[in-house]
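See below for target_26.csv, which holds CSV, C-alpha atoms.
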chain,number,residue,atom,x,y,z
A,1,LYS,CA,2.2,-20.2,19.6
A,2,ALA,CA,4.4,-18.1,17.4
A,3,GLY,CA,4.4,-18.8,13.7
A,4,VAL,CA,7.3,-19.2,11.3
A,5,THR,CA,9.5,-16.2,11.2
A,6,GLN,CA,11.9,-15.2,8.4
A,7,THR,CA,14.6,-12.6,8.4
A,8,PRO,CA,15.2,-10.3,6.8
A,9,ARG,CA,11.9,-9.6,5.1
A,10,TYR,CA,13.5,-7.6,2.3
A,11,LEU,CA,16.9,-7.7,0.8
A,12,ILE,CA,18.7,-6.0,-2.1
A,13,LYS,CA,21.9,-7.4,-3.4
A,14,THR,CA,24.0,-7.0,-6.6
A,15,ARG,CA,25.1,-9.7,-9.0
A,16,GLY,CA,28.0,-11.8,-7.8
A,17,GLN,CA,27.3,-11.3,-4.1
A,18,GLN,CA,26.1,-13.9,-1.8
A,19,VAL,CA,23.2,-13.9,0.6
A,20,THR,CA,22.0,-15.7,3.7
A,21,LEU,CA,18.4,-16.0,4.7
A,22,SER,CA,17.2,-17.2,8.1
A,23,CYS,CA,14.1,-19.1,9.2
A,24,SER,CA,12.9,-19.9,12.7
A,25,PRO,CA,10.2,-22.7,12.7
A,26,ILE,CA,7.3,-23.1,15.0
A,27,SER,CA,8.4,-24.3,18.4
A,28,GLY,CA,8.5,-28.1,18.4
A,29,HIS,CA,8.7,-28.5,14.6
A,30,ARG,CA,11.8,-30.4,13.5
A,31,SER,CA,11.5,-29.9,9.7
A,32,VAL,CA,12.1,-26.8,7.6
A,33,SER,CA,11.6,-26.6,3.9
A,34,TRP,CA,12.6,-23.8,1.5
A,35,TYR,CA,10.8,-22.6,-1.6
A,36,GLN,CA,11.5,-20.1,-4.3
A,37,GLN,CA,8.5,-18.2,-5.7
A,38,THR,CA,8.7,-16.2,-8.9
A,39,PRO,CA,6.1,-14.9,-11.4
A,40,GLY,CA,7.7,-17.0,-14.2
A,41,GLN,CA,8.3,-20.3,-12.5
A,42,GLY,CA,5.8,-20.2,-9.7
A,43,LEU,CA,6.5,-22.0,-6.4
A,44,GLN,CA,9.4,-24.4,-6.5
A,45,PHE,CA,10.8,-26.6,-3.8
A,46,LEU,CA,14.5,-26.0,-2.9
A,47,PHE,CA,15.2,-28.4,-0.1
A,48,GLU,CA,14.0,-29.9,3.2
A,49,TYR,CA,15.9,-30.4,6.4
A,50,PHE,CA,14.9,-32.6,9.2
A,51,SER,CA,16.9,-32.9,12.5
A,52,GLU,CA,19.9,-31.1,10.9
A,53,THR,CA,20.0,-33.4,7.8
A,54,GLN,CA,19.0,-32.6,4.3
A,55,ARG,CA,16.2,-35.0,3.5
A,56,ASN,CA,15.2,-33.8,0.0
A,57,LYS,CA,16.5,-31.5,-2.6
A,58,GLY,CA,14.8,-29.9,-5.6
A,59,ASN,CA,16.3,-29.2,-9.0
A,60,PHE,CA,18.4,-26.1,-8.2
A,61,PRO,CA,22.1,-25.5,-8.9
A,62,GLY,CA,24.7,-25.9,-6.2
A,63,ARG,CA,24.8,-22.2,-5.6
A,64,PHE,CA,21.8,-22.8,-3.4
A,65,SER,CA,22.6,-24.4,-0.1
A,66,GLY,CA,21.1,-24.7,3.3
A,67,ARG,CA,21.7,-26.0,6.8
A,68,GLN,CA,19.7,-26.6,9.9
A,69,PHE,CA,20.9,-26.1,13.5
A,70,SER,CA,20.2,-28.2,16.6
A,71,ASN,CA,17.4,-25.8,17.6
A,72,SER,CA,15.7,-26.5,14.2
A,73,ARG,CA,16.4,-22.9,12.9
A,74,SER,CA,17.5,-23.0,9.3
A,75,GLU,CA,19.6,-20.8,7.0
A,76,MET,CA,19.6,-20.7,3.2
A,77,ASN,CA,22.6,-19.4,1.3
A,78,VAL,CA,22.8,-18.3,-2.3
A,79,SER,CA,26.3,-17.7,-3.7
A,80,THR,CA,27.2,-15.7,-6.8
A,81,LEU,CA,23.9,-14.1,-7.2
A,82,GLU,CA,22.3,-13.8,-10.6
A,83,LEU,CA,19.5,-11.5,-11.7
A,84,GLY,CA,17.2,-14.6,-12.0
A,85,ASP,CA,17.6,-15.2,-8.3
A,86,SER,CA,15.3,-12.3,-7.6
A,87,ALA,CA,12.3,-13.9,-5.9
A,88,LEU,CA,10.3,-14.4,-2.8
A,89,TYR,CA,11.9,-17.1,-0.7
A,90,LEU,CA,9.5,-19.0,1.6
A,91,CYS,CA,10.3,-21.1,4.5
A,92,ALA,CA,7.9,-23.7,5.9
A,93,SER,CA,8.0,-25.8,9.0
A,94,SER,CA,6.3,-29.0,9.9
A,95,LEU,CA,6.4,-31.5,12.8
A,96,ASN,CA,7.8,-34.5,11.0
A,97,GLY,CA,8.8,-33.2,7.6
A,98,LEU,CA,8.0,-35.0,4.3
A,99,ALA,CA,6.7,-31.8,2.7
A,100,GLY,CA,4.9,-33.7,0.0
A,101,ILE,CA,2.5,-35.4,2.3
A,102,ASN,CA,2.3,-33.5,5.6
A,103,GLU,CA,0.9,-30.0,6.4
A,104,GLN,CA,3.4,-27.2,6.3
A,105,PHE,CA,3.3,-23.9,8.0
A,106,PHE,CA,4.7,-21.1,5.9
A,107,GLY,CA,6.5,-17.9,7.0
A,108,PRO,CA,5.9,-14.6,5.3
A,109,GLY,CA,8.9,-14.9,3.1
A,110,THR,CA,12.0,-12.9,2.3
A,111,ARG,CA,11.8,-10.7,-0.8
A,112,LEU,CA,15.2,-10.8,-2.5
A,113,THR,CA,16.0,-8.3,-5.3
A,114,VAL,CA,19.2,-8.8,-7.3
A,115,LEU,CA,20.4,-5.7,-9.2
B,1,ALA,CA,6.4,-37.1,-14.1
B,2,GLN,CA,3.9,-35.5,-11.9
B,3,SER,CA,2.4,-32.1,-12.7
B,4,VAL,CA,-0.4,-29.9,-11.5
B,5,THR,CA,-2.5,-27.7,-13.8
B,6,GLN,CA,-4.7,-24.9,-12.5
B,7,LEU,CA,-7.1,-23.7,-15.1
B,8,GLY,CA,-7.4,-20.0,-15.1
B,9,SER,CA,-4.8,-17.7,-13.7
B,10,HIS,CA,-7.6,-15.4,-12.6
B,11,VAL,CA,-11.1,-16.1,-11.5
B,12,SER,CA,-13.6,-13.4,-10.8
B,13,VAL,CA,-16.8,-13.8,-8.9
B,14,SER,CA,-19.4,-11.6,-7.2
B,15,GLU,CA,-19.8,-11.7,-3.4
B,16,GLY,CA,-22.2,-14.4,-2.5
B,17,ALA,CA,-21.6,-16.4,-5.7
B,18,LEU,CA,-20.2,-19.9,-6.0
B,19,VAL,CA,-16.4,-20.2,-6.1
B,20,LEU,CA,-14.9,-22.9,-8.3
B,21,LEU,CA,-11.1,-23.2,-8.7
B,22,ARG,CA,-10.0,-26.0,-10.9
B,23,CYS,CA,-7.0,-28.3,-10.4
B,24,ASN,CA,-6.0,-31.3,-12.5
B,25,TYR,CA,-2.9,-33.4,-11.7
B,26,SER,CA,-0.9,-36.2,-13.0
B,27,SER,CA,0.8,-38.7,-10.7
B,28,SER,CA,2.1,-42.2,-11.0
B,29,VAL,CA,1.4,-43.0,-7.4
B,30,PRO,CA,-1.6,-42.5,-5.2
B,31,PRO,CA,-1.7,-38.7,-4.8
B,32,TYR,CA,-1.5,-36.6,-1.8
B,33,LEU,CA,-3.4,-33.4,-2.8
B,34,PHE,CA,-3.4,-30.0,-1.1
B,35,TRP,CA,-4.9,-26.6,-1.5
B,36,TYR,CA,-3.1,-23.6,0.0
B,37,VAL,CA,-4.1,-19.9,0.1
B,38,GLN,CA,-1.8,-17.0,0.0
B,39,TYR,CA,-2.9,-13.5,1.1
B,40,PRO,CA,-0.9,-10.5,0.0
B,41,ASN,CA,2.5,-10.2,1.7
B,42,GLN,CA,2.0,-13.4,3.6
B,43,GLY,CA,3.1,-17.0,3.3
B,44,LEU,CA,0.9,-19.9,2.3
B,45,GLN,CA,-1.8,-21.4,4.6
B,46,LEU,CA,-3.2,-24.9,4.2
B,47,LEU,CA,-6.9,-24.9,3.3
B,48,LEU,CA,-7.4,-28.7,3.1
B,49,LYS,CA,-5.7,-31.9,2.0
B,50,TYR,CA,-6.6,-35.3,0.7
B,51,THR,CA,-4.6,-38.4,1.6
B,52,THR,CA,-6.9,-41.4,1.6
B,53,GLY,CA,-10.5,-42.2,2.4
B,54,ALA,CA,-13.4,-39.9,1.9
B,55,THR,CA,-13.1,-38.1,-1.5
B,56,LEU,CA,-14.9,-35.0,-0.3
B,57,VAL,CA,-12.6,-33.0,1.9
B,58,LYS,CA,-13.8,-30.1,4.0
B,59,GLY,CA,-11.4,-27.4,4.9
B,60,ILE,CA,-11.2,-24.1,6.7
B,61,ASN,CA,-13.2,-21.0,5.8
B,62,GLY,CA,-16.0,-23.0,4.2
B,63,PHE,CA,-14.0,-24.4,1.4
B,64,GLU,CA,-14.1,-28.0,0.3
B,65,ALA,CA,-12.6,-30.1,-2.5
B,66,GLU,CA,-13.5,-33.4,-4.2
B,67,PHE,CA,-11.0,-35.9,-5.3
B,68,LYS,CA,-12.1,-37.5,-8.6
B,69,LYS,CA,-9.6,-40.2,-9.5
B,70,SER,CA,-11.2,-40.9,-12.9
B,71,GLU,CA,-10.9,-37.2,-13.9
B,72,THR,CA,-7.6,-36.7,-12.0
B,73,SER,CA,-9.1,-33.6,-10.6
B,74,PHE,CA,-9.2,-31.9,-7.2
B,75,HIS,CA,-11.3,-28.8,-7.7
B,76,LEU,CA,-11.9,-26.3,-4.8
B,77,THR,CA,-15.3,-24.9,-4.1
B,78,LYS,CA,-17.1,-22.6,-1.8
B,79,PRO,CA,-20.9,-22.0,-1.9
B,80,SER,CA,-20.8,-18.3,-1.2
B,81,ALA,CA,-17.8,-16.0,-1.8
B,82,HIS,CA,-16.8,-13.4,0.7
B,83,MET,CA,-14.7,-10.3,0.0
B,84,SER,CA,-12.1,-11.8,2.4
B,85,ASP,CA,-11.6,-14.8,0.1
B,86,ALA,CA,-9.7,-12.6,-2.4
B,87,ALA,CA,-6.3,-14.2,-2.5
B,88,GLU,CA,-4.0,-16.5,-4.5
B,89,TYR,CA,-4.8,-20.2,-4.3
B,90,PHE,CA,-2.4,-23.0,-5.0
B,91,CYS,CA,-3.0,-26.6,-5.7
B,92,ALA,CA,-0.2,-29.1,-4.8
B,93,VAL,CA,0.6,-32.8,-5.3
B,94,ARG,CA,3.4,-34.8,-3.9
B,95,THR,CA,5.9,-36.2,-6.4
B,96,SER,CA,6.1,-39.8,-7.3
B,97,GLY,CA,8.9,-42.1,-6.4
B,98,GLY,CA,10.6,-42.3,-3.0
B,99,SER,CA,10.8,-38.6,-2.3
B,100,TYR,CA,8.1,-36.5,-0.8
B,101,ILE,CA,8.6,-33.3,-2.7
B,102,PRO,CA,5.5,-31.3,-3.4
B,103,THR,CA,4.8,-29.9,-6.8
B,104,PHE,CA,2.7,-26.7,-6.9
B,105,GLY,CA,0.4,-25.4,-9.6
B,106,ARG,CA,1.0,-21.9,-10.9
B,107,GLY,CA,-1.8,-20.5,-8.8
B,108,THR,CA,-5.2,-18.9,-9.4
B,109,SER,CA,-5.9,-15.4,-8.3
B,110,LEU,CA,-9.5,-15.1,-6.9
B,111,ILE,CA,-11.1,-11.7,-7.3
B,112,VAL,CA,-14.3,-11.0,-5.4
B,113,HIS,CA,-16.5,-8.1,-6.5
B,114,PRO,CA,-19.0,-6.4,-4.2

Using structure tokens, write down the structure that the file contains.
Amino acid sequence: KAGVTQTPRYLIKTRGQQVTLSCSPISGHRSVSWYQQTPGQGLQFLFEYFSETQRNKGNFPGRFSGRQFSNSRSEMNVSTLELGDSALYLCASSLNGLAGINEQFFGPGTRLTVL
Amino acid sequence: AQSVTQLGSHVSVSEGALVLLRCNYSSSVPPYLFWYVQYPNQGLQLLLKYTTGATLVKGINGFEAEFKKSETSFHLTKPSAHMSDAAEYFCAVRTSGGSYIPTFGRGTSLIVHP
């Protein structure tokens, strides 16, 4: 069974631009969560989608948004990029969601660099 | 508020030695506790998790962790380190309240010397 895939793996943008990251979960998984990982803040929860509905949201500004499609694939969008948005963005999938209590399967991440 | 503290950003051991990675948490609800491992240029992989029941939890790759409620700890151990264990390890706990958002520790980098 294929794992979680994320595209692109690396991305370079400039301040003020916007970016869209994509995540394909493991086949059969209905939940996708997104995380931001930085050396300064560690691993922080962005949001979780389950069956196309946002179920939980972390403490991030509205510039960070996401969506999930009927095939469970998910996209994350960051608008008006800031230097501080440079990070590794991880996507994780699970069968039934509730990231805080169920096992998640993580993708390799997208490394975003904002110049 | 819930939090996770991992003592020691780096832990160095010799191959064959005991591995002990420390994790203390605070939570106002019964905790769900996790240990994840991250190898270079990869995502996180679940090592083990505690929900309810037996306080000694066995995971993959020979790792285990013991939930100690009185000490609010969930330390990760492995009797004998292998070179392949070198990685970043994260402890996580679910948040309190009605949400199920996980809070992660800052991570501990395990270095294994030959």

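Nearest to Tyr32 (chain B) of all the residues A:Thr80, A:Thr113, A:Asn102, A:Gln68 is A:Asn102, counting all atoms listed in the file.
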
- Query: Please, which residues of chain B lie no more than 9 Å from chain A when the count uses all atoms listed in the file, and can they be set out as a ChimeraX atom specification?
  - Reply: /B:31-34,41-46,49,51,92-95,99-107

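Picture a line from CA of Thr20 (chain A) to CA of Met76 (chain A); it runs 5.6 Å.
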
Students should find that CA of Ser84 (chain B) and CA of Trp35 (chain B) are spaced 16.9 Å

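Separating CA of Arg22 (chain B) from CA of Thr52 (chain B) is a distance of 20.1 Å.
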
*asked:* Residues within 9 Å of His75 (chain B), please, as an MDAnalysis selection string. Count all atoms listed in the file; anything in the same chain fewer than 6 positions from it doesn't count.
replied: chainID B and resid 20:24 64:68 91

Counting all atoms listed in the file, the residue among B:Pro30, B:Leu18, B:Ala87, B:Thr5 that lies closest to Gly53 (chain B) is B:Pro30

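When all atoms listed in the file are used to measure the gap to Trp34 (chain A), the shortest distance among A:Ser70, A:Phe60, A:Lys13, A:Leu115 belongs to A:Phe60.
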
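With all atoms listed in the file as the basis for measurement, A:Asn59 is the residue among A:Asn96, A:Thr5, A:Asn71, A:Asn59 that approaches Gln36 (chain A) most closely.
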
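Using all atoms listed in the file, the shortest contact distance between Tyr50 (chain B) and any of B:Phe63, B:Tyr89, B:Phe74, B:Tyr25 is found at B:Phe74.
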
Across B:Val13, B:Leu56, B:Ile111, B:Val29, the smallest distance to Leu76 (chain B), with all atoms listed in the file counted, is shown by B:Leu56

Distance cut-off 10 Å, centre (-8.7, -13.1, -13.3) in file coordinates, counting all atoms listed in the file: which residues qualify? Return them as a ChimeraX atom specification. /B:8-13,108-112
